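Below: the structure, in structure tokens.
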Amino acid sequence: MSNFILIGLCIAAGMWFRKMGKLPKDAHKGINAWIINIALPAVSFKYLPYIEWRKELLLPALAPIAVWLCGWTFIKLYSLTQKNMSKATQGGLKLVAGLSNTSFVGFPLITAYFSEKELGIAIISDQVTFMLLSTTGIIVAIRSSQKEKLTPQIVIKKVLSFPPLICCVLALIIPQFISVQPLQPLFDKLAATVGPLALFSIGLQLKFAGWQSEIKHIAVTLLYKLVLAPAIILAIVMGLQLKGIIPQISVFEMAMPTLLTSGIIADQYNLNPKLSNLVVGIGIITSFITTSIWYFILQYFLH
């Protein structure tokens with residue numbers, strides 16, 4: 001119960017601070033910088049060195065890829081039914097439909113519904129999600145906006161300069177040669193800042209004005225992100241006759257709302273940022289209901 005209170009409190013505090021003008025307009029950028037450059041890397045070092053690797057962990061790694069590919073296809077087909085949908089709008093919807101908020105919302109909800117120790121599984125999905133954002137996500141953004149010429153150098157630079165991905169690799173390599181156990185208390189304290197700060201940052205950015213004019217695009221995109229995407233992974237899991245905590249976390253992570261950074265990328269590349277941010281904001285609120293439903297579905301089918 002305390003985790004649900006924390007989620008509501010942090011988001012509400014962010015919304016209140018924004019409404020009252022208590023913080024600078026771009027204050028969330030500083031908070032996000034801490035999360036991306038300090039807190040998320042600490043989560044990698046806190047959990048990854050102690051994961052017992054086995055073939056079942058391919059599932060949380062492959063699930064984000066399946067959701068991204070299906071989301072890209074879903075939006076592509078949907079755009080064919082819409083007259084005069086701009087390339088920028090289509091690109092923005094691909095970003096917000098195909099990438100899950102596996103950390104900012106996912107980590108607190110996994111802690112609330114399951115337990116903190118399961119974050120070791122969730123972070124695998126999270127790192128793959130960020131890798132997708134840093135590669136295929138950026139490619140979609142560039143092609144949709146045509147602001148930059150698409151070159152291999154741009155893609156490589158985006159990937160190699162992304163701290164969570166870098167630290168994910170380091171957290172897997174360094175413990176093979178040097179024990180990081182003495183630094184565990186430090187990683188614990190830094191990793192603990194992810195949930196509260198991420199949720200506060202989300203609250204600072206939530207804006208719902210103008211949603212009525214975009215309701216159709218919002219509804220279709222959230223139908224995929226919150227219902228169809230986890231259903232696809234659940235169908236795969238059941239087809240493979242897998243049960244247990246790893247399949248549950250894998251599906252649950254794919255039931256998360258849109259990755260917050262997708263909205264930021266859509267804004268940077270001018271991919272209909274108003275619509276993209278509405279999907280992000282409304283998706284977060286709606287996900288508190290849909291994820292609770294998915295939790296009971298997973299307990300029934302995969303426990």
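Residue names in the structure tokens use chain letters A, B, ... in the order shown, residue numbers from 1 in each chain, and ligand numbers from 1 in the order shown.
Every protein or nucleic acid residue with an atom no more than 7 Å from region 243-251 of chain A, counting only C-alpha atoms and leaving out same-chain residues fewer than 5 positions away, appears here: Leu59, Pro60, Ala63, Ile121, Ala122, Pro230, Ile233, Leu234, Val237, Leu298, Leu302 and His303 of chain A.
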Writing out the chosen residues with all heavy atoms as a PDB file, in the first residue's frame:
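So part-v1.pdb came out as:
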```
ATOM      1  N   LEU A  59      13.565 -13.927 -22.376  1.00  0.00           N
ATOM      2  CA  LEU A  59      12.202 -13.418 -22.517  1.00  0.00           C
ATOM      3  C   LEU A  59      12.099 -11.929 -22.201  1.00  0.00           C
ATOM      4  O   LEU A  59      11.584 -11.161 -23.026  1.00  0.00           O
ATOM      5  CB  LEU A  59      11.239 -14.223 -21.648  1.00  0.00           C
ATOM      6  CG  LEU A  59       9.766 -13.827 -21.725  1.00  0.00           C
ATOM      7  CD1 LEU A  59       9.249 -13.962 -23.152  1.00  0.00           C
ATOM      8  CD2 LEU A  59       8.939 -14.687 -20.774  1.00  0.00           C
ATOM      9  N   PRO A  60      12.573 -11.460 -21.015  1.00  0.00           N
ATOM     10  CA  PRO A  60      12.492 -10.017 -20.764  1.00  0.00           C
ATOM     11  C   PRO A  60      13.365  -9.189 -21.697  1.00  0.00           C
ATOM     12  O   PRO A  60      13.134  -7.985 -21.850  1.00  0.00           O
ATOM     13  CB  PRO A  60      12.967  -9.884 -19.307  1.00  0.00           C
ATOM     14  CG  PRO A  60      13.740 -11.124 -19.027  1.00  0.00           C
ATOM     15  CD  PRO A  60      13.081 -12.195 -19.844  1.00  0.00           C
ATOM     16  N   ALA A  63      11.130  -9.358 -25.252  1.00  0.00           N
ATOM     17  CA  ALA A  63       9.772  -8.801 -25.203  1.00  0.00           C
ATOM     18  C   ALA A  63       9.705  -7.358 -25.706  1.00  0.00           C
ATOM     19  O   ALA A  63       8.819  -7.017 -26.501  1.00  0.00           O
ATOM     20  CB  ALA A  63       9.212  -8.904 -23.781  1.00  0.00           C
ATOM     21  N   ILE A 121      15.105  -8.546 -12.847  1.00  0.00           N
ATOM     22  CA  ILE A 121      14.552  -9.034 -14.117  1.00  0.00           C
ATOM     23  C   ILE A 121      14.090  -7.849 -14.954  1.00  0.00           C
ATOM     24  O   ILE A 121      14.342  -7.776 -16.158  1.00  0.00           O
ATOM     25  CB  ILE A 121      13.372  -9.997 -13.864  1.00  0.00           C
ATOM     26  CG1 ILE A 121      13.815 -11.188 -13.011  1.00  0.00           C
ATOM     27  CG2 ILE A 121      12.771 -10.476 -15.177  1.00  0.00           C
ATOM     28  CD1 ILE A 121      12.672 -12.043 -12.507  1.00  0.00           C
ATOM     29  N   ALA A 122      13.432  -6.905 -14.294  1.00  0.00           N
ATOM     30  CA  ALA A 122      12.866  -5.754 -15.006  1.00  0.00           C
ATOM     31  C   ALA A 122      13.937  -4.908 -15.682  1.00  0.00           C
ATOM     32  O   ALA A 122      13.693  -4.341 -16.753  1.00  0.00           O
ATOM     33  CB  ALA A 122      12.062  -4.892 -14.031  1.00  0.00           C
ATOM     34  N   PRO A 230       0.897  -6.013 -24.184  1.00  0.00           N
ATOM     35  CA  PRO A 230       1.086  -7.103 -23.208  1.00  0.00           C
ATOM     36  C   PRO A 230       0.362  -8.369 -23.597  1.00  0.00           C
ATOM     37  O   PRO A 230       0.823  -9.473 -23.263  1.00  0.00           O
ATOM     38  CB  PRO A 230       0.528  -6.505 -21.903  1.00  0.00           C
ATOM     39  CG  PRO A 230      -0.355  -5.381 -22.332  1.00  0.00           C
ATOM     40  CD  PRO A 230       0.252  -4.835 -23.582  1.00  0.00           C
ATOM     41  N   ILE A 233       2.636 -10.453 -25.827  1.00  0.00           N
ATOM     42  CA  ILE A 233       3.688 -11.150 -25.075  1.00  0.00           C
ATOM     43  C   ILE A 233       3.093 -12.284 -24.248  1.00  0.00           C
ATOM     44  O   ILE A 233       3.687 -13.361 -24.143  1.00  0.00           O
ATOM     45  CB  ILE A 233       4.453 -10.163 -24.170  1.00  0.00           C
ATOM     46  CG1 ILE A 233       5.018  -9.013 -25.002  1.00  0.00           C
ATOM     47  CG2 ILE A 233       5.580 -10.878 -23.443  1.00  0.00           C
ATOM     48  CD1 ILE A 233       5.907  -9.447 -26.150  1.00  0.00           C
ATOM     49  N   LEU A 234       1.913 -12.066 -23.675  1.00  0.00           N
ATOM     50  CA  LEU A 234       1.249 -13.129 -22.914  1.00  0.00           C
ATOM     51  C   LEU A 234       0.938 -14.320 -23.814  1.00  0.00           C
ATOM     52  O   LEU A 234       1.121 -15.478 -23.420  1.00  0.00           O
ATOM     53  CB  LEU A 234      -0.032 -12.600 -22.275  1.00  0.00           C
ATOM     54  CG  LEU A 234      -0.869 -13.626 -21.499  1.00  0.00           C
ATOM     55  CD1 LEU A 234      -0.068 -14.232 -20.350  1.00  0.00           C
ATOM     56  CD2 LEU A 234      -2.160 -12.992 -20.984  1.00  0.00           C
ATOM     57  N   VAL A 237       4.124 -16.201 -24.409  1.00  0.00           N
ATOM     58  CA  VAL A 237       4.507 -16.929 -23.194  1.00  0.00           C
ATOM     59  C   VAL A 237       3.651 -18.182 -23.017  1.00  0.00           C
ATOM     60  O   VAL A 237       4.160 -19.273 -22.718  1.00  0.00           O
ATOM     61  CB  VAL A 237       4.371 -16.003 -21.967  1.00  0.00           C
ATOM     62  CG1 VAL A 237       4.434 -16.812 -20.679  1.00  0.00           C
ATOM     63  CG2 VAL A 237       5.464 -14.941 -21.974  1.00  0.00           C
ATOM     64  N   LEU A 298      -2.148 -12.109 -14.898  1.00  0.00           N
ATOM     65  CA  LEU A 298      -0.880 -12.842 -14.824  1.00  0.00           C
ATOM     66  C   LEU A 298      -0.885 -13.841 -13.672  1.00  0.00           C
ATOM     67  O   LEU A 298      -0.346 -14.948 -13.801  1.00  0.00           O
ATOM     68  CB  LEU A 298       0.279 -11.859 -14.667  1.00  0.00           C
ATOM     69  CG  LEU A 298       0.511 -10.905 -15.848  1.00  0.00           C
ATOM     70  CD1 LEU A 298       1.634  -9.931 -15.529  1.00  0.00           C
ATOM     71  CD2 LEU A 298       0.816 -11.693 -17.117  1.00  0.00           C
ATOM     72  N   LEU A 302      -0.206 -17.327 -15.218  1.00  0.00           N
ATOM     73  CA  LEU A 302       1.236 -17.608 -15.189  1.00  0.00           C
ATOM     74  C   LEU A 302       1.794 -17.904 -13.819  1.00  0.00           C
ATOM     75  O   LEU A 302       2.994 -18.104 -13.668  1.00  0.00           O
ATOM     76  CB  LEU A 302       2.018 -16.415 -15.793  1.00  0.00           C
ATOM     77  CG  LEU A 302       1.657 -16.011 -17.227  1.00  0.00           C
ATOM     78  CD1 LEU A 302       2.546 -14.864 -17.687  1.00  0.00           C
ATOM     79  CD2 LEU A 302       1.799 -17.205 -18.177  1.00  0.00           C
ATOM     80  N   HIS A 303       0.954 -17.942 -12.811  1.00  0.00           N
ATOM     81  CA  HIS A 303       1.470 -18.171 -11.449  1.00  0.00           C
ATOM     82  C   HIS A 303       1.960 -19.614 -11.279  1.00  0.00           C
ATOM     83  O   HIS A 303       1.297 -20.544 -11.711  1.00  0.00           O
ATOM     84  CB  HIS A 303       0.376 -17.866 -10.423  1.00  0.00           C
ATOM     85  CG  HIS A 303       0.867 -17.922  -9.018  1.00  0.00           C
ATOM     86  ND1 HIS A 303       1.782 -17.011  -8.500  1.00  0.00           N
ATOM     87  CD2 HIS A 303       0.585 -18.792  -8.014  1.00  0.00           C
ATOM     88  CE1 HIS A 303       2.035 -17.306  -7.253  1.00  0.00           C
ATOM     89  NE2 HIS A 303       1.331 -18.388  -6.914  1.00  0.00           N
TER      90      HIS A 303
END
```
What's around Ser292 (chain A) at 12 Å? Count only C-alpha atoms, leave out sequence neighbours fewer than 3 positions away in its own chain, and write the answer as number ranges by chain.
A: 4, 109-110, 112-114, 226, 252, 255-256, 286-289, 295-299
Mind checking which residues fall within 9 Å of region 7-12 of chain A, counting only C-alpha atoms, ignoring those fewer than 3 positions away in the same chain, and posting them as a PyMOL selection string?
chain A and resi 2-4+15-17+105+108-109+195-204+206
Restricted to C-alpha atoms, what would the selected residues look like written as a PDB file, in the first residue's frame?
```
ATOM      1  CA  SER A   2       2.839   2.404   0.814  1.00  0.00           C
ATOM      2  CA  ASN A   3       4.181   2.066  -2.739  1.00  0.00           C
ATOM      3  CA  PHE A   4       0.843   3.110  -4.239  1.00  0.00           C
ATOM      4  CA  MET A  15       1.742  18.531 -10.825  1.00  0.00           C
ATOM      5  CA  TRP A  16       1.224  20.902  -7.902  1.00  0.00           C
ATOM      6  CA  PHE A  17       4.741  22.349  -8.122  1.00  0.00           C
ATOM      7  CA  VAL A 105       6.736   3.826 -13.867  1.00  0.00           C
ATOM      8  CA  PRO A 108       7.733   1.427  -8.687  1.00  0.00           C
ATOM      9  CA  LEU A 109       4.794  -0.670  -9.900  1.00  0.00           C
ATOM     10  CA  GLY A 195      11.187   5.872  -8.159  1.00  0.00           C
ATOM     11  CA  PRO A 196      10.403   9.093  -6.251  1.00  0.00           C
ATOM     12  CA  LEU A 197      12.334  11.407  -8.558  1.00  0.00           C
ATOM     13  CA  ALA A 198      11.068   9.783 -11.754  1.00  0.00           C
ATOM     14  CA  LEU A 199       7.459  10.008 -10.614  1.00  0.00           C
ATOM     15  CA  PHE A 200       7.958  13.621  -9.477  1.00  0.00           C
ATOM     16  CA  SER A 201       9.440  14.415 -12.891  1.00  0.00           C
ATOM     17  CA  ILE A 202       6.434  12.830 -14.588  1.00  0.00           C
ATOM     18  CA  GLY A 203       4.113  15.002 -12.485  1.00  0.00           C
ATOM     19  CA  LEU A 204       6.026  18.112 -13.521  1.00  0.00           C
ATOM     20  CA  LEU A 206       1.844  16.044 -17.183  1.00  0.00           C
TER      21      LEU A 206
END
```
When you count only C-alpha atoms, which of these residues is closest to Leu133 (chain A): A:Ile166, A:Ala88, A:Leu95, A:Ala13?
A:Leu95
Please identify all polymer residues within 7 Å of region 258-265 of chain A, counting only C-alpha atoms, omitting same-chain residues fewer than 5 positions from it, and present them as a PyMOL selection string.
chain A and resi 95-97+99-101+273+276-277+280+283
Run DSSP on the backbone of this structure and report the residues of region 75-220 of chain A it assigns to alpha helix (DSSP H), as a PyMOL selection string.
chain A and resi 75-80+87-98+106-113+119-132+138-145+152-160+163-173+184-191+194-205+215-220
Could you give me, as a list of chain:residue names, the residues within 8 Å of region 75-79 of chain A, counting only C-alpha atoms and dropping anything in the same chain fewer than 5 positions from it?
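The contact residues come out as A:Met85, A:Gln90, A:Leu93, A:Lys94, A:Ala97, A:Thr221.
Relative to CA of Trp72 (chain A), CA of Lys87 (chain A) is found at 13.2 Å.
With distances restricted to only C-alpha atoms, A:Phe45 is the closest residue to Ile173 (chain A) from A:Ile38, A:Phe45, A:Phe104, A:Pro24.
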Tell me which of A:Ser125, A:Thr136, A:Asn84, A:Thr193 sits closest to Leu58 (chain A), counting only C-alpha atoms.
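With only C-alpha atoms as the atom set, the closest residue is A:Ser125.
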Please provide as a PDB file with N, CA, C and O atoms, in the first residue's frame all residues within 10 Å of Val220 (chain A), with the sequence filter that same-chain residues fewer than 2 positions apart are discarded (counting only C-alpha atoms).
```pdb
ATOM      1  N   PHE A  74       1.606  -1.707 -36.240  1.00  0.00           N
ATOM      2  CA  PHE A  74       0.250  -1.293 -35.863  1.00  0.00           C
ATOM      3  C   PHE A  74      -0.014   0.150 -36.271  1.00  0.00           C
ATOM      4  O   PHE A  74      -1.053   0.465 -36.878  1.00  0.00           O
ATOM      5  N   ILE A  75       0.906   1.044 -35.944  1.00  0.00           N
ATOM      6  CA  ILE A  75       0.739   2.460 -36.278  1.00  0.00           C
ATOM      7  C   ILE A  75       0.825   2.679 -37.784  1.00  0.00           C
ATOM      8  O   ILE A  75       0.097   3.511 -38.347  1.00  0.00           O
ATOM      9  N   TYR A  78      -2.500   1.670 -39.089  1.00  0.00           N
ATOM     10  CA  TYR A  78      -3.501   2.655 -38.654  1.00  0.00           C
ATOM     11  C   TYR A  78      -3.402   3.931 -39.478  1.00  0.00           C
ATOM     12  O   TYR A  78      -4.430   4.519 -39.871  1.00  0.00           O
ATOM     13  N   LEU A  93       3.709   8.843 -33.139  1.00  0.00           N
ATOM     14  CA  LEU A  93       2.885   7.745 -32.629  1.00  0.00           C
ATOM     15  C   LEU A  93       3.662   6.435 -32.576  1.00  0.00           C
ATOM     16  O   LEU A  93       3.453   5.611 -31.677  1.00  0.00           O
ATOM     17  N   ALA A  97       3.969   4.474 -29.065  1.00  0.00           N
ATOM     18  CA  ALA A  97       3.257   3.194 -29.030  1.00  0.00           C
ATOM     19  C   ALA A  97       4.190   2.027 -28.748  1.00  0.00           C
ATOM     20  O   ALA A  97       3.800   1.056 -28.097  1.00  0.00           O
ATOM     21  N   ILE A 215      -8.483  12.812 -29.493  1.00  0.00           N
ATOM     22  CA  ILE A 215      -8.938  11.643 -28.747  1.00  0.00           C
ATOM     23  C   ILE A 215      -8.831  10.348 -29.538  1.00  0.00           C
ATOM     24  O   ILE A 215      -8.508   9.293 -28.986  1.00  0.00           O
ATOM     25  N   LYS A 216      -9.083  10.400 -30.863  1.00  0.00           N
ATOM     26  CA  LYS A 216      -9.043   9.168 -31.651  1.00  0.00           C
ATOM     27  C   LYS A 216      -7.636   8.598 -31.712  1.00  0.00           C
ATOM     28  O   LYS A 216      -7.429   7.401 -31.456  1.00  0.00           O
ATOM     29  N   HIS A 217      -6.658   9.433 -32.026  1.00  0.00           N
ATOM     30  CA  HIS A 217      -5.268   8.973 -32.083  1.00  0.00           C
ATOM     31  C   HIS A 217      -4.800   8.483 -30.710  1.00  0.00           C
ATOM     32  O   HIS A 217      -4.085   7.481 -30.618  1.00  0.00           O
ATOM     33  N   ILE A 218      -5.205   9.199 -29.668  1.00  0.00           N
ATOM     34  CA  ILE A 218      -4.813   8.825 -28.301  1.00  0.00           C
ATOM     35  C   ILE A 218      -5.388   7.454 -27.940  1.00  0.00           C
ATOM     36  O   ILE A 218      -4.686   6.573 -27.432  1.00  0.00           O
ATOM     37  N   LEU A 222      -3.173   4.085 -27.210  1.00  0.00           N
ATOM     38  CA  LEU A 222      -3.200   3.484 -25.873  1.00  0.00           C
ATOM     39  C   LEU A 222      -3.830   2.091 -25.896  1.00  0.00           C
ATOM     40  O   LEU A 222      -3.502   1.261 -25.047  1.00  0.00           O
ATOM     41  N   LEU A 223      -4.726   1.856 -26.849  1.00  0.00           N
ATOM     42  CA  LEU A 223      -5.263   0.499 -27.003  1.00  0.00           C
ATOM     43  C   LEU A 223      -4.131  -0.474 -27.274  1.00  0.00           C
ATOM     44  O   LEU A 223      -4.078  -1.565 -26.680  1.00  0.00           O
ATOM     45  N   TYR A 224      -3.226  -0.078 -28.149  1.00  0.00           N
ATOM     46  CA  TYR A 224      -2.084  -0.956 -28.420  1.00  0.00           C
ATOM     47  C   TYR A 224      -1.161  -1.029 -27.210  1.00  0.00           C
ATOM     48  O   TYR A 224      -0.813  -2.122 -26.763  1.00  0.00           O
ATOM     49  N   LYS A 225      -0.781   0.142 -26.682  1.00  0.00           N
ATOM     50  CA  LYS A 225       0.268   0.161 -25.652  1.00  0.00           C
ATOM     51  C   LYS A 225      -0.159  -0.549 -24.371  1.00  0.00           C
ATOM     52  O   LYS A 225       0.642  -1.262 -23.752  1.00  0.00           O
ATOM     53  N   VAL A 279      -0.473  11.396 -25.141  1.00  0.00           N
ATOM     54  CA  VAL A 279      -0.448   9.930 -25.024  1.00  0.00           C
ATOM     55  C   VAL A 279       0.348   9.524 -23.787  1.00  0.00           C
ATOM     56  O   VAL A 279      -0.071   8.634 -23.025  1.00  0.00           O
TER      57      VAL A 279
END
```
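As for CA of Lys117 (chain A) and CA of Gln205 (chain A), they are spaced 29.2 Å apart.
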What's around Ser86 (chain A) at 12 Å? Count only C-alpha atoms, leave out sequence neighbours fewer than 3 positions away in its own chain, and write the answer as a ChimeraX atom specification.
/A:76,79-80,82-83,89-93,144-145,270-272
Would you mind exporting C-alpha atoms of the selected residues as a PDB file, in the first residue's frame?
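For reference, out_14.pdb as written:
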```
ATOM      1  CA  LYS A  76       1.790   2.034 -39.909  1.00  0.00           C
ATOM      2  CA  SER A  79      -1.994   5.592 -40.550  1.00  0.00           C
ATOM      3  CA  LEU A  80      -3.196   4.044 -43.818  1.00  0.00           C
ATOM      4  CA  GLN A  82      -6.318   8.115 -41.782  1.00  0.00           C
ATOM      5  CA  LYS A  83      -6.477  10.808 -44.434  1.00  0.00           C
ATOM      6  CA  THR A  89       2.522  12.559 -36.521  1.00  0.00           C
ATOM      7  CA  GLN A  90       3.036   9.000 -37.686  1.00  0.00           C
ATOM      8  CA  GLY A  91       6.621   9.035 -36.399  1.00  0.00           C
ATOM      9  CA  GLY A  92       5.551  10.423 -33.025  1.00  0.00           C
ATOM     10  CA  LEU A  93       2.885   7.745 -32.629  1.00  0.00           C
ATOM     11  CA  SER A 144      10.045  11.350 -39.675  1.00  0.00           C
ATOM     12  CA  SER A 145      11.372  14.857 -39.081  1.00  0.00           C
ATOM     13  CA  ASN A 270       8.895  18.158 -33.659  1.00  0.00           C
ATOM     14  CA  LEU A 271       6.909  14.950 -34.188  1.00  0.00           C
ATOM     15  CA  ASN A 272       3.545  16.392 -33.161  1.00  0.00           C
TER      16      ASN A 272
END
```
With distances taken over only C-alpha atoms, which of A:Ile285, A:Ala61, A:Leu190, A:Gln153 is nearest to Val128 (chain A)?
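Closest residue, counting only C-alpha atoms: A:Ala61.
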Could you work out how far CA of Gly281 (chain A) lies from CA of Glu214 (chain A), giving the answer in Å with one decimal?
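Between CA of Glu214 (chain A) and CA of Gly281 (chain A) the gap is 13.1 Å.
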Taking only C-alpha atoms into account, name the residue in A:Gln212, A:Gln268, A:Thr291, A:Gln181 that is nearest to Tyr47 (chain A).
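Using only C-alpha atoms, Tyr47 (chain A) sits closest to A:Gln181.
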Under the rule that only C-alpha atoms are counted, which of A:Met238, A:Ala27, A:Cys70, A:Val227 is the nearest residue to Trp294 (chain A)?
A:Val227
